[in-house]
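upload.txt (compact mmCIF, C-alpha atoms) appears below.
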# COMPACT_ATOMS: atom_id res chain seq x y z
CA MET F 7 -9.70 -9.61 21.19
CA ILE F 8 -6.47 -9.29 19.24
CA ARG F 9 -3.78 -6.72 19.83
CA GLY F 10 -0.13 -6.21 18.92
CA ASP F 11 1.95 -7.46 16.06
CA VAL F 12 4.42 -10.19 15.20
CA SER F 13 6.79 -10.99 12.36
CA LEU F 14 6.98 -14.45 10.81
CA VAL F 15 10.28 -14.13 8.97
CA PHE F 16 11.17 -16.37 6.03
CA VAL F 17 14.77 -16.22 4.82
CA CYS F 18 14.86 -16.16 1.06
CA SER F 19 16.71 -14.68 -1.87
CA CYS F 20 15.36 -12.55 -4.72
CA ASP F 21 16.49 -12.49 -8.31
CA THR F 22 17.81 -9.47 -10.18
CA LYS F 23 14.44 -8.51 -11.65
CA GLN F 24 12.82 -8.53 -8.21
CA TYR F 25 15.67 -6.40 -6.85
CA ILE F 26 15.39 -3.86 -9.67
CA ALA F 27 11.61 -3.72 -9.20
CA LEU F 28 12.13 -3.01 -5.51
CA LEU F 29 14.61 -0.23 -6.25
CA GLN F 30 12.21 1.33 -8.75
CA THR F 31 9.44 1.24 -6.16
CA LEU F 32 11.58 3.11 -3.63
CA MET F 33 13.32 5.42 -6.11
CA PRO F 34 12.53 9.14 -6.00
CA ARG F 35 11.13 10.61 -9.22
CA PHE F 36 12.24 13.89 -10.79
CA THR F 37 10.99 16.35 -13.38
CA SER F 38 11.92 19.70 -14.91
CA PRO F 39 11.56 22.68 -12.55
CA LYS F 40 8.75 25.17 -13.10
CA GLY F 41 10.13 28.38 -14.52
CA GLY F 42 12.53 26.89 -17.05
CA ASP F 43 16.22 26.05 -17.15
CA ASP F 44 17.22 29.17 -15.20
CA VAL F 45 15.64 27.85 -12.00
CA SER F 46 18.23 26.02 -9.95
CA SER F 47 17.67 23.16 -7.52
CA PRO F 48 19.84 20.68 -5.57
CA HIS F 49 19.10 18.00 -8.20
CA LEU F 50 20.84 17.62 -11.57
CA TYR F 51 19.65 15.66 -14.60
CA VAL F 52 22.83 14.33 -16.24
CA ALA F 53 22.73 12.85 -19.77
CA ASN F 54 25.40 10.76 -21.53
CA CYS F 55 26.41 9.17 -18.26
CA GLY F 56 25.48 5.91 -16.52
CA PRO F 57 26.01 2.14 -16.27
CA ALA F 58 25.04 1.51 -19.92
CA VAL F 59 28.07 3.52 -21.06
CA GLY F 60 30.42 1.98 -18.52
CA VAL F 61 30.13 4.56 -15.74
CA SER F 62 28.90 3.27 -12.38
CA HIS F 63 26.79 5.27 -9.96
CA GLU F 64 29.64 5.07 -7.46
CA THR F 65 32.01 6.69 -9.94
CA ILE F 66 29.46 9.39 -10.74
CA ALA F 67 28.99 10.11 -7.02
CA SER F 68 32.75 10.36 -6.57
CA VAL F 69 33.21 12.84 -9.44
CA PHE F 70 30.23 15.01 -8.54
CA GLY F 71 31.25 14.78 -4.88
CA MET F 72 34.12 17.13 -5.67
CA TYR F 73 31.59 19.98 -5.72
CA GLY F 74 29.63 19.20 -2.56
CA GLU F 75 27.90 16.50 -0.54
CA VAL F 76 26.03 14.09 -2.85
CA GLU F 77 22.91 12.65 -1.25
CA GLY F 78 22.28 10.10 -4.00
CA VAL F 79 22.64 9.07 -7.63
CA TYR F 80 19.51 7.64 -9.27
CA ALA F 81 18.62 6.27 -12.70
CA ALA F 82 16.67 8.98 -14.53
CA ASP F 83 15.01 6.37 -16.74
CA GLU F 84 15.54 2.80 -17.94
CA SER F 85 18.12 3.71 -20.60
CA GLY F 86 21.12 3.45 -18.29
CA THR F 87 22.61 6.54 -19.94
CA ARG F 88 20.94 9.25 -17.85
CA VAL F 89 21.06 9.82 -14.11
CA ILE F 90 19.89 12.20 -11.42
CA VAL F 91 22.56 13.52 -9.07
CA SER F 92 21.09 14.92 -5.84
CA TYR F 93 23.05 17.29 -3.66
CA HIS F 94 22.40 18.48 -0.14
CA ASP F 95 22.15 22.11 -1.26
CA LYS F 96 21.82 24.32 -4.35
CA SER F 97 25.30 25.83 -4.09
CA SER F 98 26.83 22.40 -4.74
CA SER F 99 24.63 21.68 -7.76
CA GLN F 100 25.38 25.16 -9.15
CA ALA F 101 29.13 24.54 -8.81
CA ALA F 102 28.84 21.17 -10.56
CA MET F 103 26.67 22.64 -13.32
CA LYS F 104 29.23 25.37 -14.01
CA ALA F 105 32.19 22.97 -14.02
CA LEU F 106 30.76 19.97 -15.87
CA ASN F 107 27.90 20.98 -18.17
CA ARG F 108 28.83 20.54 -21.86
CA HIS F 109 32.43 19.90 -20.88
CA LEU F 110 34.48 16.78 -21.59
CA CYS F 111 35.00 14.90 -18.33
CA SER F 112 38.06 12.66 -18.31
CA SER F 113 37.06 11.08 -14.98
CA LEU F 114 33.83 9.82 -16.56
CA GLY F 115 35.32 8.07 -19.57
CA GLY F 116 36.01 11.23 -21.52
CA ARG F 117 32.32 11.86 -22.06
CA THR F 118 30.71 15.25 -22.63
CA LEU F 119 27.93 15.70 -20.11
CA HIS F 120 24.62 17.46 -20.75
CA ILE F 121 23.17 18.71 -17.49
CA GLN F 122 19.90 20.37 -16.48
CA TYR F 123 18.39 21.21 -13.13
CA SER F 124 15.67 18.88 -11.91
CA VAL F 125 13.18 18.81 -9.03
CA GLN F 126 11.78 15.88 -7.10
CA SER F 127 8.30 14.95 -8.28
CA LEU F 128 6.22 13.56 -5.45
CA GLY F 129 3.18 12.72 -7.55
CA LYS F 130 0.15 12.51 -5.30
CA VAL F 131 2.00 12.00 -2.05
CA ASN F 132 0.47 10.70 1.11
CA ASN F 133 -0.86 13.79 2.87
CA ILE F 134 -1.82 12.28 6.18
CA ALA F 135 -1.51 15.71 7.79
CA SER F 136 0.28 15.30 11.13
CA VAL F 137 -0.36 11.57 11.40
CA GLN F 138 2.73 9.41 11.65
CA VAL F 139 2.62 6.33 9.42
CA SER F 140 3.42 3.31 11.57
CA THR F 141 5.00 0.09 10.43
CA SER F 142 3.60 -2.05 13.26
CA ALA F 143 0.11 -2.40 14.67
CA SER F 144 1.22 -1.96 18.27
CA ASP F 145 2.32 1.61 17.51
CA LEU F 146 -1.24 2.54 16.49
CA ASP F 147 -2.74 1.40 19.81
CA ILE F 148 -6.03 0.34 18.17
CA PRO F 149 -7.49 -2.58 20.16
CA GLY F 150 -8.00 -5.61 17.95
CA LEU F 151 -5.55 -4.62 15.21
CA TYR F 152 -2.78 -7.00 14.31
CA LEU F 153 -0.14 -6.97 11.53
CA MET F 154 2.15 -9.83 10.56
CA HIS F 155 5.03 -9.09 8.21
CA ASP F 156 6.20 -11.70 5.67
CA PHE F 157 3.22 -13.93 6.36
CA VAL F 158 3.92 -15.70 3.05
CA THR F 159 7.22 -16.15 1.25
CA PRO F 160 7.99 -14.55 -2.14
CA GLN F 161 7.53 -17.97 -3.76
CA GLU F 162 4.15 -18.47 -2.07
CA GLU F 163 3.16 -14.97 -3.14
CA GLN F 164 3.87 -15.81 -6.79
CA GLU F 165 1.98 -19.09 -6.50
CA LEU F 166 -1.09 -17.33 -5.06
CA LEU F 167 -1.00 -14.67 -7.78
CA ALA F 168 -0.66 -17.34 -10.48
CA ALA F 169 -3.59 -19.26 -8.99
CA VAL F 170 -6.00 -16.30 -9.16
CA ASP F 171 -4.72 -15.22 -12.57
CA ASP F 172 -5.68 -18.64 -13.89
CA ARG F 173 -9.27 -17.98 -12.88
CA PRO F 174 -11.78 -15.53 -14.36
CA TRP F 175 -11.93 -12.00 -13.00
CA HIS F 176 -15.09 -9.94 -12.61
CA HIS F 177 -14.57 -6.36 -13.78
CA LEU F 178 -15.87 -3.51 -11.65
CA ALA F 179 -15.60 0.19 -12.47
CA LYS F 180 -12.06 0.59 -11.19
CA ARG F 181 -10.82 -2.87 -10.27
CA ARG F 182 -11.19 -6.59 -10.86
CA VAL F 183 -12.46 -9.01 -8.24
CA GLN F 184 -13.02 -12.70 -7.60
CA HIS F 185 -15.44 -14.09 -5.01
CA TYR F 186 -15.32 -17.48 -3.30
CA GLY F 187 -17.69 -19.02 -0.74
CA TYR F 188 -20.26 -16.26 -1.08
CA GLU F 189 -20.46 -13.34 -3.50
CA PHE F 190 -20.12 -9.92 -1.93
CA CYS F 191 -22.73 -7.43 -3.22
CA TYR F 192 -21.12 -4.00 -3.34
CA ASP F 193 -24.40 -2.12 -3.79
CA ILE F 194 -25.71 -3.29 -0.40
CA ARG F 195 -22.31 -4.09 1.17
CA ASN F 196 -23.57 -7.54 2.15
CA VAL F 197 -23.67 -11.13 0.91
CA ASN F 198 -26.50 -13.28 -0.38
CA THR F 199 -26.41 -16.20 2.05
CA ASN F 200 -28.80 -18.15 -0.17
CA LYS F 201 -26.21 -18.17 -2.97
CA TYR F 202 -23.40 -20.45 -1.86
CA LEU F 203 -20.50 -20.62 -4.33
CA GLY F 204 -18.74 -23.59 -2.75
CA GLU F 205 -15.76 -24.09 -0.49
CA LEU F 206 -12.76 -21.80 -0.57
CA PRO F 207 -10.22 -22.82 -3.23
CA SER F 208 -7.50 -25.30 -2.34
CA PHE F 209 -4.71 -22.81 -3.04
CA MET F 210 -5.82 -20.99 0.14
CA SER F 211 -5.34 -24.05 2.38
CA PRO F 212 -1.74 -23.24 3.49
CA VAL F 213 -2.76 -19.67 4.32
CA LEU F 214 -5.79 -20.79 6.32
CA GLN F 215 -3.75 -23.39 8.18
CA ARG F 216 -1.14 -20.78 9.11
CA ILE F 217 -3.85 -18.42 10.36
CA ARG F 218 -5.37 -21.14 12.56
CA SER F 219 -1.97 -21.89 14.10
CA PHE F 220 -1.54 -18.31 15.22
CA GLN F 221 -2.00 -18.50 19.00
CA ALA F 222 -2.86 -14.82 19.56
CA LEU F 223 -6.15 -15.36 17.74
CA GLY F 224 -7.49 -17.35 20.68
CA ARG F 225 -11.05 -18.53 20.06
CA ALA F 226 -11.13 -16.69 16.73
CA ALA F 227 -8.69 -19.27 15.36
CA ASP F 228 -11.49 -21.83 15.53
CA MET F 229 -13.68 -19.72 13.26
CA SER F 230 -14.26 -21.39 9.90
CA LEU F 231 -13.61 -18.63 7.38
CA ASP F 232 -15.94 -19.11 4.44
CA GLN F 233 -15.84 -15.97 2.27
CA LEU F 234 -12.93 -14.76 0.19
CA THR F 235 -12.72 -11.70 -1.99
CA ALA F 236 -9.61 -11.40 -4.15
CA SER F 237 -9.23 -7.85 -5.35
CA GLY F 238 -6.73 -7.27 -8.10
CA VAL F 239 -5.80 -3.70 -8.89
CA ASN F 240 -3.36 -4.43 -11.69
CA GLU F 241 -5.62 -2.66 -14.17
CA TYR F 242 -5.89 0.46 -11.98
CA PRO F 243 -4.10 3.63 -12.99
CA PRO F 244 -1.59 4.52 -10.26
CA GLY F 245 -3.22 6.40 -7.42
CA ILE F 246 -6.45 4.40 -7.01
CA GLY F 247 -7.21 3.28 -3.47
CA LEU F 248 -10.18 2.12 -1.40
CA SER F 249 -13.05 4.24 -0.05
CA PRO F 250 -13.45 4.55 3.74
CA HIS F 251 -15.73 1.88 5.17
CA VAL F 252 -16.43 -0.53 7.99
CA ASP F 253 -17.28 -4.05 6.91
CA THR F 254 -21.01 -4.39 7.54
CA HIS F 255 -21.59 -5.78 11.05
CA SER F 256 -24.63 -7.83 10.06
CA ALA F 257 -22.77 -9.38 7.11
CA PHE F 258 -19.65 -10.77 8.77
CA GLU F 259 -18.39 -12.10 12.08
CA GLU F 260 -15.71 -10.41 14.16
CA LEU F 261 -12.52 -11.37 12.36
CA ILE F 262 -11.55 -9.63 9.10
CA ILE F 263 -8.29 -10.69 7.47
CA SER F 264 -6.47 -9.05 4.55
CA LEU F 265 -3.41 -10.49 2.82
CA SER F 266 -1.49 -7.97 0.68
CA LEU F 267 0.38 -9.24 -2.38
CA ALA F 268 2.50 -7.74 -5.17
CA GLY F 269 2.50 -4.12 -4.00
CA PRO F 270 2.59 -1.92 -0.88
CA CYS F 271 0.11 0.67 0.32
CA ILE F 272 -0.86 2.84 3.25
CA MET F 273 -4.01 1.96 5.15
CA GLU F 274 -5.63 4.70 7.17
CA PHE F 275 -7.94 4.12 10.14
CA ARG F 276 -10.55 6.65 11.25
CA LYS F 277 -12.85 6.53 14.25
CA TYR F 278 -15.78 8.95 13.90
CA THR F 279 -17.66 10.37 16.85
CA THR F 280 -20.87 10.37 14.76
CA GLY F 281 -20.80 6.62 14.25
CA VAL F 282 -20.75 4.65 11.02
CA TRP F 283 -24.32 4.91 9.81
CA GLN F 284 -24.64 8.69 10.15
CA THR F 285 -21.77 9.45 7.80
CA THR F 286 -21.67 8.91 4.03
CA SER F 287 -18.73 7.60 2.02
CA SER F 288 -18.63 10.89 0.12
CA ASP F 289 -18.30 12.79 3.39
CA LEU F 290 -15.43 10.59 4.46
CA GLU F 291 -13.38 11.03 1.31
CA ASN F 292 -14.24 14.70 0.66
CA PRO F 293 -14.95 16.44 3.97
CA VAL F 294 -16.87 19.71 3.60
CA PRO F 295 -15.29 22.62 5.49
CA GLY F 296 -17.40 23.44 8.53
CA LYS F 297 -19.21 20.10 8.55
CA ASN F 298 -18.88 18.29 11.88
CA LEU F 299 -16.81 15.21 11.09
CA ASN F 300 -14.79 14.77 14.25
CA PHE F 301 -12.57 11.71 14.10
CA VAL F 302 -9.32 10.18 15.25
CA LYS F 303 -7.01 9.27 12.39
CA LYS F 304 -4.12 6.80 12.32
CA ALA F 305 -2.18 5.11 9.50
CA ILE F 306 -0.10 1.99 8.92
CA TYR F 307 2.16 0.78 6.11
CA LEU F 308 1.21 -2.57 4.57
CA PRO F 309 4.16 -4.12 2.71
CA PRO F 310 3.73 -6.93 0.20
CA ARG F 311 3.17 -10.37 1.78
CA SER F 312 1.88 -8.90 5.05
CA LEU F 313 -1.29 -10.07 6.79
CA LEU F 314 -3.57 -7.58 8.53
CA LEU F 315 -6.13 -8.80 11.08
CA MET F 316 -8.97 -6.68 12.40
CA SER F 317 -11.15 -7.77 15.31
CA GLY F 318 -12.98 -6.17 18.21
CA GLU F 319 -12.83 -2.39 18.19
CA ALA F 320 -10.56 -2.26 15.11
CA ARG F 321 -13.09 -4.25 13.09
CA TYR F 322 -16.35 -2.81 14.45
CA ALA F 323 -15.62 0.86 15.24
CA TRP F 324 -12.85 2.07 12.90
CA HIS F 325 -13.21 2.86 9.21
CA HIS F 326 -10.34 1.52 7.13
CA TYR F 327 -9.31 3.28 3.98
CA ILE F 328 -6.56 3.18 1.34
CA PRO F 329 -5.86 6.79 0.26
CA HIS F 330 -5.85 7.46 -3.47
CA HIS F 331 -2.15 8.23 -3.79
CA LYS F 332 0.53 7.55 -6.37
CA VAL F 333 3.28 7.90 -3.79
CA ASP F 334 3.08 7.21 -0.06
CA LYS F 335 5.23 8.93 2.52
CA VAL F 336 6.37 6.53 5.22
CA ASN F 337 8.36 8.38 7.84
CA ASP F 338 11.15 10.00 5.80
CA SER F 339 10.85 7.71 2.78
CA LEU F 340 8.77 8.16 -0.37
CA ILE F 341 7.40 4.83 -1.62
CA ARG F 342 5.81 4.77 -5.05
CA ARG F 343 2.78 2.51 -5.49
CA SER F 344 3.53 -0.41 -7.77
CA ALA F 345 1.60 -1.13 -10.95
CA ARG F 346 -0.23 -3.98 -9.25
CA ARG F 347 -1.55 -4.74 -5.80
CA VAL F 348 -3.73 -7.75 -5.01
CA SER F 349 -5.49 -8.20 -1.69
CA PHE F 350 -7.10 -11.38 -0.37
CA THR F 351 -9.88 -10.55 2.12
CA LEU F 352 -11.07 -13.42 4.32
CA ARG F 353 -14.22 -13.28 6.43
CA LYS F 354 -16.84 -15.47 8.12
CA VAL F 355 -20.41 -14.85 6.96
CA ARG F 356 -22.70 -14.03 9.90
CA GLN F 357 -25.87 -16.11 10.20
CA GLY F 358 -27.72 -13.94 12.73
CA PRO F 359 -27.80 -10.32 13.94
CA CYS F 360 -24.63 -8.72 15.29
CA ARG F 361 -24.47 -8.35 19.07
CA CYS F 362 -21.16 -6.49 19.29
CA GLU F 363 -20.16 -4.04 22.02
CA PHE F 364 -20.30 -1.06 19.63
CA PRO F 365 -24.03 -0.38 19.05
CA GLN F 366 -23.42 3.19 17.88
CA PHE F 367 -21.56 1.73 14.87
CA CYS F 368 -23.73 -1.34 14.33
CA ASP F 369 -26.46 -1.70 11.70
CA SER F 370 -28.01 -4.66 13.56
CA GLN F 371 -28.49 -2.59 16.72
CA LYS F 372 -29.85 0.59 15.13

Could I get this structure in the form of structure tokens?
Amino acid sequence: MIRGDVSLVFVCSCDTKQYIALLQTLMPRFTSPKGGDDVSSPHLYVANCGPAVGVSHETIASVFGMYGEVEGVYAADESGTRVIVSYHDKSSSQAAMKALNRHLCSSLGGRTLHIQYSVQSLGKVNNIASVQVSTSASDLDIPGLYLMHDFVTPQEEQELLAAVDDRPWHHLAKRRVQHYGYEFCYDIRNVNTNKYLGELPSFMSPVLQRIRSFQALGRAADMSLDQLTASGVNEYPPGIGLSPHVDTHSAFEELIISLSLAGPCIMEFRKYTTGVWQTTSSDLENPVPGKNLNFVKKAIYLPPRSLLLMSGEARYAWHHYIPHHKVDKVNDSLIRRSARRVSFTLRKVRQGPCRCEFPQFCDSQK
């Protein structure tokens, strides 16, 4: 049984492109307010102003700060000539609009600013009702759940991505996949044990070795993982996730491991009182009002390069699910899904029936 979480921290540096990509991932997005230009908001879209014309965000914040408390200055697009200035309240943005719109501003290089009101666009934001999104597995208190941050370094992440990109992808309806060891059959949610694809690729050796050295795994560390599914979502439109499911008990042994690369996401866990095999995937994603779907729901944030381990109750009794969102809300932060997320799922193919301690969720014991 596995429980808790640990961080394996690798000290490294990132280049400018990686830093800009990170900022864009975390950056709020804005759009025009409904109702036209007469509708005010705390946010201002400011054109003819920005780093590309020699005006830093710090300078912009200082000038606009004369009219109220500025919460942030953000790039409105990639041009470097348009920014969003966010105030704490509408009265400040209204004062700045009146003073600066279409007026020459000597403090900003003598430029004439063109300003409109703007509102924050959340896209399809994580709507996990009253559930707090945790950043560590111990906060969720789900027995058998374990999360390791920075399990691989940024360099190792790029090497793993390059390795799978050099190999052929199999295209599904909404994502691309690669299978190693045994092919996973999505129609029956099981593997064909008579169709062995060969050993796991050599580029996974450092990852497997690091997993085996993790002492908290106990006896599970001796398990010879033999099935890998690499799921690349780089071709997905933003907002595509993963349907709620429990990995079939009869297909795989206790330990399920998922390595997240390239992009972040929220993973939600649900434990249903009706059990796994009495509830359809459609019911899970689109609950019908009045239908009895009692469940406990918890959520965790999976950053790039993190390793999630599910065993025991977490593996056998809880559905895991990636909500179909464009933007996730983690505590007080809005984190936009990146254009690409790749997950490596490692499992051990089961050779006999499952004898787990959760018969109400087990297909072998039904």

Neighbour list for Lys104 of chain F as a count of residues only, cut-off 10 Å, all atoms listed in the file, skip fewer than 5 positions in-chain: 3

Ser113 of chain F environment, 9 Å, all atoms listed in the file, sequence neighbours closer than 2 positions dropped, as an MDAnalysis selection string: chainID F and resid 65:66 69 111 115:117

Go ahead and write the residues just picked, C-alpha atoms, as a PDB file, in the coordinates of the input.
ATOM      1  CA  THR F  65      32.010   6.690  -9.940  1.00  0.00           C
ATOM      2  CA  ILE F  66      29.460   9.390 -10.740  1.00  0.00           C
ATOM      3  CA  VAL F  69      33.210  12.840  -9.440  1.00  0.00           C
ATOM      4  CA  CYS F 111      35.000  14.900 -18.330  1.00  0.00           C
ATOM      5  CA  GLY F 115      35.320   8.070 -19.570  1.00  0.00           C
ATOM      6  CA  GLY F 116      36.010  11.230 -21.520  1.00  0.00           C
ATOM      7  CA  ARG F 117      32.320  11.860 -22.060  1.00  0.00           C
TER       8      ARG F 117
END

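Counting all atoms listed in the file and comparing F:Arg356, F:Arg347, F:Lys372, F:Arg321, the residue that lies closest to Arg182 of chain F is F:Arg347.
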
Nearest-residue call for Ser98 of chain F, choices F:Ser46, F:Asn300, F:Asn337, F:Ser249, using all atoms listed in the file: F:Ser46

Interatomic distance (Å, one decimal) between atom CA of Arg108 of chain F and atom CA of Val89 of chain F: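 It comes out at 15.3 Å.
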
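Shortest separation to Tyr192 of chain F among F:Cys360, F:Ala257, F:Val137, F:Leu314 occurs at residue F:Ala257, atoms counted being all atoms listed in the file.
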
Between atom CA of Tyr123 of chain F and atom CA of Leu50 of chain F, distance in Å (one decimal):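 A separation of 4.6 Å between them.
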
Nearest to Ser264 of chain F by atom-to-atom distance, counting all atoms listed in the file, from F:Glu363, F:Leu153, F:Ser339, F:Met210: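 Closest to Ser264 of chain F of all the choices is F:Leu153.
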